[in-house]
$ cat input_39.cif   # mmCIF, C-alpha atoms and all ligand atoms
data_my_file
#
loop_
_atom_site.label_atom_id
_atom_site.label_comp_id
_atom_site.auth_asym_id
_atom_site.auth_seq_id
_atom_site.Cartn_x
_atom_site.Cartn_y
_atom_site.Cartn_z
CA MET B 1 -147.09 44.07 -49.82
CA LYS B 2 -148.80 40.73 -49.26
CA LEU B 3 -151.27 40.28 -52.11
CA ALA B 4 -153.70 37.61 -53.30
CA VAL B 5 -155.06 37.07 -56.79
CA VAL B 6 -158.35 35.20 -57.22
CA GLY B 7 -158.06 33.87 -60.75
CA ARG B 8 -154.59 32.85 -61.83
CA GLY B 9 -155.11 33.04 -65.58
CA ARG B 10 -153.89 35.66 -68.04
CA ILE B 11 -154.85 38.66 -65.89
CA GLY B 12 -154.42 37.22 -62.41
CA GLY B 13 -151.32 35.22 -63.25
CA GLY B 14 -149.86 37.99 -65.39
CA LEU B 15 -150.28 40.66 -62.75
CA ALA B 16 -148.98 38.28 -60.08
CA ASP B 17 -145.79 37.92 -62.14
CA LEU B 18 -145.44 41.70 -62.57
CA TRP B 19 -146.09 42.37 -58.90
CA GLU B 20 -143.67 39.68 -57.75
CA ASN B 21 -141.04 41.25 -59.99
CA ALA B 22 -141.76 44.53 -58.16
CA GLY B 23 -141.12 42.85 -54.80
CA HIS B 24 -144.61 41.88 -53.63
CA GLU B 25 -145.55 38.50 -52.19
CA VAL B 26 -148.50 37.05 -54.11
CA THR B 27 -150.79 34.11 -53.28
CA ARG B 28 -152.50 32.70 -56.39
CA ILE B 29 -155.98 31.23 -56.03
CA GLY B 30 -157.87 29.30 -58.70
CA ARG B 31 -161.37 27.91 -58.96
CA ASP B 32 -160.86 25.67 -55.93
CA GLY B 33 -160.76 28.80 -53.76
CA GLY B 34 -158.58 29.56 -50.77
CA ASP B 35 -157.79 31.89 -47.90
CA VAL B 36 -156.84 35.56 -48.43
CA SER B 37 -156.88 36.64 -44.78
CA GLU B 38 -153.11 37.36 -44.84
CA ALA B 39 -153.35 39.64 -47.87
CA GLU B 40 -153.35 43.44 -47.66
CA ALA B 41 -155.08 43.64 -51.04
CA VAL B 42 -156.88 41.16 -53.29
CA LEU B 43 -157.26 41.16 -57.07
CA VAL B 44 -160.32 39.39 -58.52
CA ALA B 45 -159.70 38.21 -62.10
CA VAL B 46 -162.17 35.43 -62.89
CA PRO B 47 -164.66 35.19 -65.78
CA GLY B 48 -167.22 37.95 -65.22
CA GLY B 49 -170.14 35.54 -64.88
CA ALA B 50 -168.32 33.50 -62.22
CA ILE B 51 -167.79 36.31 -59.74
CA ALA B 52 -170.35 35.16 -57.15
CA GLU B 53 -169.19 31.57 -57.26
CA ALA B 54 -165.55 32.65 -57.03
CA LEU B 55 -166.14 34.81 -53.96
CA ASP B 56 -168.13 32.01 -52.32
CA ASN B 57 -164.95 29.93 -52.37
CA VAL B 58 -162.66 32.60 -50.89
CA ARG B 59 -162.22 32.89 -47.13
CA GLY B 60 -161.04 35.97 -45.23
CA ILE B 61 -161.97 38.60 -47.81
CA GLU B 62 -164.32 40.60 -45.58
CA GLY B 63 -163.15 44.20 -45.16
CA LYS B 64 -160.20 43.78 -47.54
CA THR B 65 -159.15 46.22 -50.22
CA VAL B 66 -160.28 44.48 -53.41
CA ILE B 67 -159.50 45.35 -57.02
CA ASP B 68 -161.99 43.86 -59.46
CA ALA B 69 -160.53 43.32 -62.95
CA THR B 70 -163.46 41.37 -64.41
CA ASN B 71 -165.31 42.19 -67.60
CA LEU B 72 -168.81 41.14 -68.50
CA LEU B 73 -168.71 39.58 -71.94
CA GLY B 74 -172.13 38.22 -72.84
CA VAL B 75 -173.21 38.10 -69.20
CA ALA B 76 -174.86 40.55 -66.80
CA PRO B 77 -173.69 41.48 -63.30
CA PRO B 78 -175.40 39.65 -60.42
CA GLU B 79 -179.06 40.57 -60.04
CA GLY B 80 -179.62 43.88 -58.28
CA PHE B 81 -176.19 45.31 -59.19
CA SER B 82 -175.15 47.53 -62.07
CA SER B 83 -171.55 46.30 -62.02
CA ASN B 84 -169.48 43.39 -60.79
CA ALA B 85 -167.38 45.81 -58.73
CA GLN B 86 -170.41 46.99 -56.75
CA PHE B 87 -171.37 43.36 -56.20
CA VAL B 88 -167.86 42.71 -54.85
CA LYS B 89 -168.23 45.58 -52.38
CA SER B 90 -171.57 44.24 -51.19
CA ARG B 91 -169.80 40.99 -50.32
CA THR B 92 -166.68 42.44 -48.68
CA ASN B 93 -167.74 45.82 -47.25
CA GLY B 94 -164.16 46.97 -47.73
CA PRO B 95 -162.41 49.52 -49.97
CA THR B 96 -163.18 48.49 -53.54
CA ALA B 97 -161.86 49.50 -56.95
CA LYS B 98 -162.28 48.58 -60.59
CA SER B 99 -158.99 48.45 -62.46
CA PHE B 100 -156.94 46.37 -64.92
CA ASN B 101 -160.09 45.57 -66.95
CA THR B 102 -159.28 47.88 -69.88
CA ASN B 103 -155.75 46.78 -70.77
CA PHE B 104 -154.98 43.46 -72.39
CA ALA B 105 -152.87 40.80 -70.66
CA ALA B 106 -151.34 39.87 -74.02
CA LEU B 107 -149.09 42.92 -73.70
CA TYR B 108 -148.05 42.57 -70.05
CA ASN B 109 -144.59 41.42 -71.09
CA ARG B 110 -144.22 44.42 -73.43
CA ILE B 111 -145.28 47.33 -71.20
CA GLY B 112 -141.68 48.49 -71.01
CA GLU B 113 -141.51 48.83 -74.82
CA ALA B 114 -144.12 51.60 -74.89
CA ASP B 115 -142.92 55.05 -75.99
CA SER B 116 -144.42 56.48 -72.79
CA THR B 117 -145.91 54.88 -69.70
CA PRO B 118 -149.29 53.37 -70.65
CA SER B 119 -152.32 54.62 -68.74
CA ASN B 120 -154.62 52.29 -66.85
CA MET B 121 -158.03 53.37 -65.60
CA TRP B 122 -159.34 52.84 -62.12
CA CYS B 123 -162.46 53.93 -60.33
CA GLY B 124 -163.57 53.26 -56.80
CA ASP B 125 -163.31 54.17 -53.17
CA GLU B 126 -160.88 56.82 -51.92
CA GLU B 127 -159.74 54.37 -49.22
CA ALA B 128 -158.44 52.13 -52.02
CA ARG B 129 -156.55 54.88 -53.88
CA GLN B 130 -153.09 54.45 -52.39
CA VAL B 131 -153.00 50.68 -52.91
CA VAL B 132 -154.57 50.75 -56.38
CA GLU B 133 -152.28 53.49 -57.65
CA GLN B 134 -149.18 51.80 -56.23
CA LEU B 135 -150.13 48.47 -57.79
CA ASN B 136 -150.77 50.18 -61.13
CA ARG B 137 -147.32 51.77 -61.03
CA ASP B 138 -145.68 48.54 -59.86
CA ALA B 139 -147.22 46.78 -62.89
CA GLY B 140 -145.82 49.46 -65.21
CA TYR B 141 -148.89 51.65 -65.71
CA GLU B 142 -149.74 55.24 -64.90
CA PRO B 143 -153.06 55.13 -63.00
CA VAL B 144 -155.88 57.34 -64.27
CA TYR B 145 -158.74 57.92 -61.82
CA THR B 146 -162.16 57.70 -63.48
CA GLY B 147 -164.38 58.47 -60.49
CA PRO B 148 -166.20 56.72 -57.67
CA LEU B 149 -167.30 53.10 -57.66
CA GLU B 150 -170.63 54.12 -59.19
CA ASN B 151 -168.64 54.53 -62.44
CA ALA B 152 -167.62 50.86 -62.47
CA ALA B 153 -170.42 49.90 -64.87
CA ALA B 154 -169.19 52.48 -67.38
CA GLN B 155 -165.64 51.22 -67.00
CA GLU B 156 -166.82 47.64 -67.45
CA ASN B 157 -168.58 48.67 -70.66
CA PHE B 158 -165.53 50.53 -71.96
CA VAL B 159 -163.85 47.26 -72.94
CA HIS B 160 -166.45 46.71 -75.65
CA LEU B 161 -165.18 49.84 -77.38
CA THR B 162 -161.52 48.86 -77.30
CA MET B 163 -162.33 45.35 -78.49
CA GLY B 164 -164.62 46.69 -81.20
CA ILE B 165 -162.01 49.09 -82.52
CA SER B 166 -159.27 46.49 -82.36
CA ARG B 167 -161.39 43.86 -84.13
CA GLY B 168 -162.33 46.46 -86.74
CA GLY B 169 -158.66 46.77 -87.52
CA VAL B 170 -158.71 50.53 -87.19
CA GLY B 171 -155.29 52.00 -86.82
CA PRO B 172 -151.91 50.73 -85.72
CA PHE B 173 -152.23 52.24 -82.24
CA LEU B 174 -155.00 49.93 -81.06
CA TYR B 175 -153.56 47.03 -83.00
CA ARG B 176 -150.43 47.53 -80.94
CA ILE B 177 -152.55 47.49 -77.77
CA ALA B 178 -153.78 43.99 -78.61
CA PRO B 179 -153.87 42.17 -81.93
CA PRO B 180 -157.38 40.73 -82.42
CA ASP B 181 -156.20 37.12 -82.24
CA GLN B 182 -154.87 37.79 -78.74
CA LEU B 183 -158.02 39.33 -77.23
N1 LIG O 1 -157.33 38.55 -70.89
C1 LIG O 1 -157.38 39.89 -70.94
O1 LIG O 1 -156.63 40.54 -71.68
C2 LIG O 1 -158.35 40.63 -70.06
C3 LIG O 1 -158.25 42.04 -70.01
C4 LIG O 1 -159.04 42.74 -69.13
C5 LIG O 1 -159.96 42.06 -68.33
N2 LIG O 1 -160.09 40.71 -68.42
C6 LIG O 1 -161.07 40.05 -67.55
O2 LIG O 1 -160.35 39.45 -66.47
C7 LIG O 1 -161.00 38.24 -66.06
C8 LIG O 1 -160.02 37.08 -66.17
O3 LIG O 1 -159.63 36.97 -67.53
P1 LIG O 1 -158.41 36.04 -67.95
O4 LIG O 1 -158.14 36.39 -69.36
O5 LIG O 1 -157.32 36.14 -66.93
O6 LIG O 1 -159.09 34.59 -67.86
P2 LIG O 1 -158.38 33.16 -67.82
O7 LIG O 1 -156.99 33.26 -68.34
O8 LIG O 1 -159.33 32.23 -68.47
O9 LIG O 1 -158.30 32.82 -66.25
C9 LIG O 1 -159.49 32.71 -65.51
C10 LIG O 1 -159.18 32.32 -64.08
O10 LIG O 1 -160.43 32.29 -63.38
C11 LIG O 1 -160.56 31.07 -62.69
N3 LIG O 1 -161.96 30.62 -62.71
C12 LIG O 1 -162.68 30.18 -63.76
N4 LIG O 1 -163.94 29.85 -63.39
C13 LIG O 1 -163.99 30.07 -62.07
C14 LIG O 1 -164.99 29.89 -61.11
N5 LIG O 1 -166.19 29.44 -61.42
N6 LIG O 1 -164.70 30.23 -59.82
C15 LIG O 1 -163.48 30.69 -59.50
N7 LIG O 1 -162.48 30.89 -60.38
C16 LIG O 1 -162.75 30.57 -61.65
C17 LIG O 1 -159.67 30.07 -63.40
O11 LIG O 1 -159.30 29.12 -62.40
P3 LIG O 1 -158.33 27.87 -62.62
O12 LIG O 1 -156.95 28.43 -62.64
O13 LIG O 1 -158.55 27.01 -61.41
O14 LIG O 1 -158.76 27.24 -63.92
C18 LIG O 1 -158.54 30.96 -63.89
O15 LIG O 1 -157.53 31.06 -62.88
C19 LIG O 1 -162.24 38.11 -66.97
O16 LIG O 1 -163.35 38.66 -66.30
C20 LIG O 1 -161.87 38.93 -68.19
O17 LIG O 1 -163.01 39.42 -68.87
C21 LIG O 1 -159.30 39.98 -69.27
#
$ encode --input "input_39.cif" --output "structure tokens" --more "lines below"
Ligand SMILES: NC(=O)c1ccc[n+]([C@@H]2O[C@H](COP(=O)([O-])OP(=O)(O)OC[C@H]3O[C@@H](n4cnc5c(N)ncnc54)[C@H](OP(=O)(O)O)[C@@H]3O)[C@@H](O)[C@H]2O)c1
Amino acid sequence: MKLAVVGRGRIGGGLADLWENAGHEVTRIGRDGGDVSEAEAVLVAVPGGAIAEALDNVRGIEGKTVIDATNLLGVAPPEGFSSNAQFVKSRTNGPTAKSFNTNFAALYNRIGEADSTPSNMWCGDEEARQVVEQLNRDAGYEPVYTGPLENAAAQENFVHLTMGISRGGVGPFLYRIAPPDQL
């Protein structure tokens, strides 16, 4: 598949690496923006508070299948929206999903070491299901559907729980998910 990632940091760059290893062709876009009109699906992985600015700098995203991986840490979604993912849909009017926001990039190079395939949540539009689930599997995860796009705010908030537990040092399981110094 031809893919584009908006945000080429830990999440965007990390997933681009995993997807290229799975045979996809990935265009990587940073804060200077770029054109995604050739892409069949677009991942958005910029700081949560920069989502509007980031989309302003991307051409050709209208109607595309978009996966929003952002989290809102100390910032709110754009005014009038309960989640960044719903804001994304308002800008693209295409199939939209929230995914890759609840697993930590620090472990992308260790997914294969897990005792069983790690789960990765996604919520969003049915029209996005096939692409989102394939891209989850191609990154090494088993996709777990968490409901329609209206659930994106809950999924965005979920990260506070995993970070809280990890920072609290409770249990080896979550420590293995992401040591606190790598969050
Ligand atoms: N790290 C994790 O484990 C993790 C896990 C789940 C979700 N997330 C979420 O995923 C998103 C990305 O996190 P990350 O860890 O990948 O961040 P990161 O490593 O800091 O990378 C951020 C990327 O966003 C771009 N960017 C920054 N400001 C921008 C702006 N104003 N407009 C457009 N692009 C901008 C940067 O562009 P340049 O390359 O040009 O500098 C960079 O490519 C965040 O919302 C984060 O909360 C992170």
$ residues_around --input "input_39.cif" --residues "Asn109 (chain B)" --least-positions-apart "3" --cutoff "12 Å" --atoms "all atoms listed in the file" --output "PyMOL selection string"
chain B and resi 10-11+14-15+17-18+21+104-106+112-114+139-140
$ write_last_selection --input "input_39.cif" --atoms "C-alpha atoms" --output "JSON list (two decimals), in the frame of the given file"
[["chain", "number", "residue", "atom", "x", "y", "z"],
["B", 10, "ARG", "CA", -153.89, 35.66, -68.04],
["B", 11, "ILE", "CA", -154.85, 38.66, -65.89],
["B", 14, "GLY", "CA", -149.86, 37.99, -65.39],
["B", 15, "LEU", "CA", -150.28, 40.66, -62.75],
["B", 17, "ASP", "CA", -145.79, 37.92, -62.14],
["B", 18, "LEU", "CA", -145.44, 41.70, -62.57],
["B", 21, "ASN", "CA", -141.04, 41.25, -59.99],
["B", 104, "PHE", "CA", -154.98, 43.46, -72.39],
["B", 105, "ALA", "CA", -152.87, 40.80, -70.66],
["B", 106, "ALA", "CA", -151.34, 39.87, -74.02],
["B", 112, "GLY", "CA", -141.68, 48.49, -71.01],
["B", 113, "GLU", "CA", -141.51, 48.83, -74.82],
["B", 114, "ALA", "CA", -144.12, 51.60, -74.89],
["B", 139, "ALA", "CA", -147.22, 46.78, -62.89],
["B", 140, "GLY", "CA", -145.82, 49.46, -65.21]]
$ atom_distance --input "input_39.cif" --atom1 "atom C20 of ligand LIG 1 (chain O)" --atom2 "CA of Cys123 (chain B)"
16.9 Å
$ atom_distance --input "input_39.cif" --atom1 "atom P3 of ligand LIG 1 (chain O)" --atom2 "CA of Ala50 (chain B)"
11.5 Å
$ residues_near_ligand --input "input_39.cif" --ligand "ligand LIG 1 (chain O)" --cutoff "7 Å" --atoms "all atoms listed in the file" --output "PyMOL selection string"
chain B and resi 6-12+30-33+45-48+50-51+53-54+69-73+100-106+183
$ atom_distance --input "input_39.cif" --atom1 "CA of Arg129 (chain B)" --atom2 "CA of Leu107 (chain B)"
24.3 Å
$ residues_around --input "input_39.cif" --residues "region 87-97 of chain B" --least-positions-apart "4" --cutoff "10 Å" --atoms "all atoms listed in the file" --output "PDB file with C-alpha atoms, keeping the file's coordinate frame"
ATOM      1  CA  ALA B  41    -155.080  43.640 -51.040  1.00  0.00           C
ATOM      2  CA  VAL B  42    -156.880  41.160 -53.290  1.00  0.00           C
ATOM      3  CA  LEU B  43    -157.260  41.160 -57.070  1.00  0.00           C
ATOM      4  CA  VAL B  44    -160.320  39.390 -58.520  1.00  0.00           C
ATOM      5  CA  ILE B  51    -167.790  36.310 -59.740  1.00  0.00           C
ATOM      6  CA  ALA B  52    -170.350  35.160 -57.150  1.00  0.00           C
ATOM      7  CA  LEU B  55    -166.140  34.810 -53.960  1.00  0.00           C
ATOM      8  CA  ASP B  56    -168.130  32.010 -52.320  1.00  0.00           C
ATOM      9  CA  GLY B  60    -161.040  35.970 -45.230  1.00  0.00           C
ATOM     10  CA  ILE B  61    -161.970  38.600 -47.810  1.00  0.00           C
ATOM     11  CA  GLU B  62    -164.320  40.600 -45.580  1.00  0.00           C
ATOM     12  CA  GLY B  63    -163.150  44.200 -45.160  1.00  0.00           C
ATOM     13  CA  LYS B  64    -160.200  43.780 -47.540  1.00  0.00           C
ATOM     14  CA  THR B  65    -159.150  46.220 -50.220  1.00  0.00           C
ATOM     15  CA  VAL B  66    -160.280  44.480 -53.410  1.00  0.00           C
ATOM     16  CA  ILE B  67    -159.500  45.350 -57.020  1.00  0.00           C
ATOM     17  CA  ASP B  68    -161.990  43.860 -59.460  1.00  0.00           C
ATOM     18  CA  ALA B  69    -160.530  43.320 -62.950  1.00  0.00           C
ATOM     19  CA  PRO B  77    -173.690  41.480 -63.300  1.00  0.00           C
ATOM     20  CA  PRO B  78    -175.400  39.650 -60.420  1.00  0.00           C
ATOM     21  CA  GLU B  79    -179.060  40.570 -60.040  1.00  0.00           C
ATOM     22  CA  GLY B  80    -179.620  43.880 -58.280  1.00  0.00           C
ATOM     23  CA  PHE B  81    -176.190  45.310 -59.190  1.00  0.00           C
ATOM     24  CA  SER B  82    -175.150  47.530 -62.070  1.00  0.00           C
ATOM     25  CA  SER B  83    -171.550  46.300 -62.020  1.00  0.00           C
ATOM     26  CA  TRP B 122    -159.340  52.840 -62.120  1.00  0.00           C
ATOM     27  CA  CYS B 123    -162.460  53.930 -60.330  1.00  0.00           C
ATOM     28  CA  GLY B 124    -163.570  53.260 -56.800  1.00  0.00           C
ATOM     29  CA  ASP B 125    -163.310  54.170 -53.170  1.00  0.00           C
ATOM     30  CA  GLU B 126    -160.880  56.820 -51.920  1.00  0.00           C
ATOM     31  CA  GLU B 127    -159.740  54.370 -49.220  1.00  0.00           C
ATOM     32  CA  ALA B 128    -158.440  52.130 -52.020  1.00  0.00           C
ATOM     33  CA  ARG B 129    -156.550  54.880 -53.880  1.00  0.00           C
ATOM     34  CA  VAL B 131    -153.000  50.680 -52.910  1.00  0.00           C
ATOM     35  CA  VAL B 132    -154.570  50.750 -56.380  1.00  0.00           C
ATOM     36  CA  GLY B 147    -164.380  58.470 -60.490  1.00  0.00           C
ATOM     37  CA  PRO B 148    -166.200  56.720 -57.670  1.00  0.00           C
ATOM     38  CA  LEU B 149    -167.300  53.100 -57.660  1.00  0.00           C
ATOM     39  CA  ALA B 152    -167.620  50.860 -62.470  1.00  0.00           C
TER      40      ALA B 152
END
$ closest_residue --input "input_39.cif" --among "B:Tyr145, B:Glu150, B:Gly49, B:Ala39" --to "Gly74 (chain B)" --atoms "all atoms listed in the file"
B:Gly49
$ closest_residue --input "input_39.cif" --among "B:Ile111, B:Ile29, B:Lys98, B:His160" --to "Val144 (chain B)" --atoms "all atoms listed in the file"
B:Lys98
$ closest_residue --input "input_39.cif" --among "B:Gln155, B:Thr146, B:Thr162, B:Asn136" --to "Thr117 (chain B)" --atoms "only C-alpha atoms"
B:Asn136
$ build_atoms --input "input_39.cif" --residues "region 56-76 of chain B" --atoms "N, CA, C and O atoms" --output "PDB file, in the frame of the given file"
ATOM      1  N   ASP B  56    -167.627  33.015 -53.265  1.00  0.00           N
ATOM      2  CA  ASP B  56    -168.130  32.010 -52.320  1.00  0.00           C
ATOM      3  C   ASP B  56    -167.014  31.092 -51.829  1.00  0.00           C
ATOM      4  O   ASP B  56    -167.077  30.578 -50.718  1.00  0.00           O
ATOM      5  N   ASN B  57    -166.008  30.886 -52.692  1.00  0.00           N
ATOM      6  CA  ASN B  57    -164.950  29.930 -52.370  1.00  0.00           C
ATOM      7  C   ASN B  57    -163.714  30.577 -51.740  1.00  0.00           C
ATOM      8  O   ASN B  57    -162.701  29.914 -51.549  1.00  0.00           O
ATOM      9  N   VAL B  58    -163.805  31.892 -51.453  1.00  0.00           N
ATOM     10  CA  VAL B  58    -162.660  32.600 -50.890  1.00  0.00           C
ATOM     11  C   VAL B  58    -162.949  32.954 -49.424  1.00  0.00           C
ATOM     12  O   VAL B  58    -163.954  33.592 -49.131  1.00  0.00           O
ATOM     13  N   ARG B  59    -162.054  32.565 -48.549  1.00  0.00           N
ATOM     14  CA  ARG B  59    -162.220  32.890 -47.130  1.00  0.00           C
ATOM     15  C   ARG B  59    -161.356  34.102 -46.768  1.00  0.00           C
ATOM     16  O   ARG B  59    -160.294  34.312 -47.336  1.00  0.00           O
ATOM     17  N   GLY B  60    -161.837  34.883 -45.790  1.00  0.00           N
ATOM     18  CA  GLY B  60    -161.040  35.970 -45.230  1.00  0.00           C
ATOM     19  C   GLY B  60    -161.014  37.234 -46.055  1.00  0.00           C
ATOM     20  O   GLY B  60    -160.125  38.072 -45.891  1.00  0.00           O
ATOM     21  N   ILE B  61    -161.992  37.424 -46.924  1.00  0.00           N
ATOM     22  CA  ILE B  61    -161.970  38.600 -47.810  1.00  0.00           C
ATOM     23  C   ILE B  61    -162.770  39.777 -47.237  1.00  0.00           C
ATOM     24  O   ILE B  61    -162.658  40.905 -47.730  1.00  0.00           O
ATOM     25  N   GLU B  62    -163.497  39.535 -46.152  1.00  0.00           N
ATOM     26  CA  GLU B  62    -164.320  40.600 -45.580  1.00  0.00           C
ATOM     27  C   GLU B  62    -163.442  41.783 -45.155  1.00  0.00           C
ATOM     28  O   GLU B  62    -162.432  41.618 -44.473  1.00  0.00           O
ATOM     29  N   GLY B  63    -163.842  42.981 -45.551  1.00  0.00           N
ATOM     30  CA  GLY B  63    -163.150  44.200 -45.160  1.00  0.00           C
ATOM     31  C   GLY B  63    -161.865  44.483 -45.927  1.00  0.00           C
ATOM     32  O   GLY B  63    -161.227  45.520 -45.718  1.00  0.00           O
ATOM     33  N   LYS B  64    -161.455  43.593 -46.802  1.00  0.00           N
ATOM     34  CA  LYS B  64    -160.200  43.780 -47.540  1.00  0.00           C
ATOM     35  C   LYS B  64    -160.337  44.827 -48.640  1.00  0.00           C
ATOM     36  O   LYS B  64    -161.435  45.056 -49.172  1.00  0.00           O
ATOM     37  N   THR B  65    -159.205  45.410 -49.012  1.00  0.00           N
ATOM     38  CA  THR B  65    -159.150  46.220 -50.220  1.00  0.00           C
ATOM     39  C   THR B  65    -159.138  45.263 -51.403  1.00  0.00           C
ATOM     40  O   THR B  65    -158.261  44.401 -51.504  1.00  0.00           O
ATOM     41  N   VAL B  66    -160.150  45.394 -52.273  1.00  0.00           N
ATOM     42  CA  VAL B  66    -160.280  44.480 -53.410  1.00  0.00           C
ATOM     43  C   VAL B  66    -160.276  45.273 -54.716  1.00  0.00           C
ATOM     44  O   VAL B  66    -160.968  46.289 -54.843  1.00  0.00           O
ATOM     45  N   ILE B  67    -159.497  44.799 -55.668  1.00  0.00           N
ATOM     46  CA  ILE B  67    -159.500  45.350 -57.020  1.00  0.00           C
ATOM     47  C   ILE B  67    -160.178  44.331 -57.926  1.00  0.00           C
ATOM     48  O   ILE B  67    -159.724  43.186 -58.026  1.00  0.00           O
ATOM     49  N   ASP B  68    -161.250  44.751 -58.554  1.00  0.00           N
ATOM     50  CA  ASP B  68    -161.990  43.860 -59.460  1.00  0.00           C
ATOM     51  C   ASP B  68    -161.564  44.158 -60.893  1.00  0.00           C
ATOM     52  O   ASP B  68    -161.741  45.273 -61.390  1.00  0.00           O
ATOM     53  N   ALA B  69    -161.008  43.153 -61.562  1.00  0.00           N
ATOM     54  CA  ALA B  69    -160.530  43.320 -62.950  1.00  0.00           C
ATOM     55  C   ALA B  69    -161.457  42.659 -63.955  1.00  0.00           C
ATOM     56  O   ALA B  69    -161.134  42.591 -65.139  1.00  0.00           O
ATOM     57  N   THR B  70    -162.610  42.156 -63.503  1.00  0.00           N
ATOM     58  CA  THR B  70    -163.460  41.370 -64.410  1.00  0.00           C
ATOM     59  C   THR B  70    -164.121  42.230 -65.476  1.00  0.00           C
ATOM     60  O   THR B  70    -164.370  43.417 -65.286  1.00  0.00           O
ATOM     61  N   ASN B  71    -164.435  41.591 -66.595  1.00  0.00           N
ATOM     62  CA  ASN B  71    -165.310  42.190 -67.600  1.00  0.00           C
ATOM     63  C   ASN B  71    -166.502  41.278 -67.800  1.00  0.00           C
ATOM     64  O   ASN B  71    -166.453  40.076 -67.504  1.00  0.00           O
ATOM     65  N   LEU B  72    -167.571  41.872 -68.292  1.00  0.00           N
ATOM     66  CA  LEU B  72    -168.810  41.140 -68.500  1.00  0.00           C
ATOM     67  C   LEU B  72    -169.012  40.980 -69.997  1.00  0.00           C
ATOM     68  O   LEU B  72    -169.488  41.894 -70.663  1.00  0.00           O
ATOM     69  N   LEU B  73    -168.612  39.827 -70.504  1.00  0.00           N
ATOM     70  CA  LEU B  73    -168.710  39.580 -71.940  1.00  0.00           C
ATOM     71  C   LEU B  73    -169.830  38.579 -72.169  1.00  0.00           C
ATOM     72  O   LEU B  73    -169.684  37.387 -71.889  1.00  0.00           O
ATOM     73  N   GLY B  74    -170.981  39.084 -72.603  1.00  0.00           N
ATOM     74  CA  GLY B  74    -172.130  38.220 -72.840  1.00  0.00           C
ATOM     75  C   GLY B  74    -172.861  37.796 -71.586  1.00  0.00           C
ATOM     76  O   GLY B  74    -173.722  36.921 -71.639  1.00  0.00           O
ATOM     77  N   VAL B  75    -172.508  38.386 -70.457  1.00  0.00           N
ATOM     78  CA  VAL B  75    -173.210  38.100 -69.200  1.00  0.00           C
ATOM     79  C   VAL B  75    -173.500  39.404 -68.474  1.00  0.00           C
ATOM     80  O   VAL B  75    -172.844  40.418 -68.709  1.00  0.00           O
ATOM     81  N   ALA B  76    -174.483  39.366 -67.577  1.00  0.00           N
ATOM     82  CA  ALA B  76    -174.860  40.550 -66.800  1.00  0.00           C
ATOM     83  C   ALA B  76    -174.244  40.448 -65.406  1.00  0.00           C
ATOM     84  O   ALA B  76    -173.878  39.360 -64.959  1.00  0.00           O
TER      85      ALA B  76
END
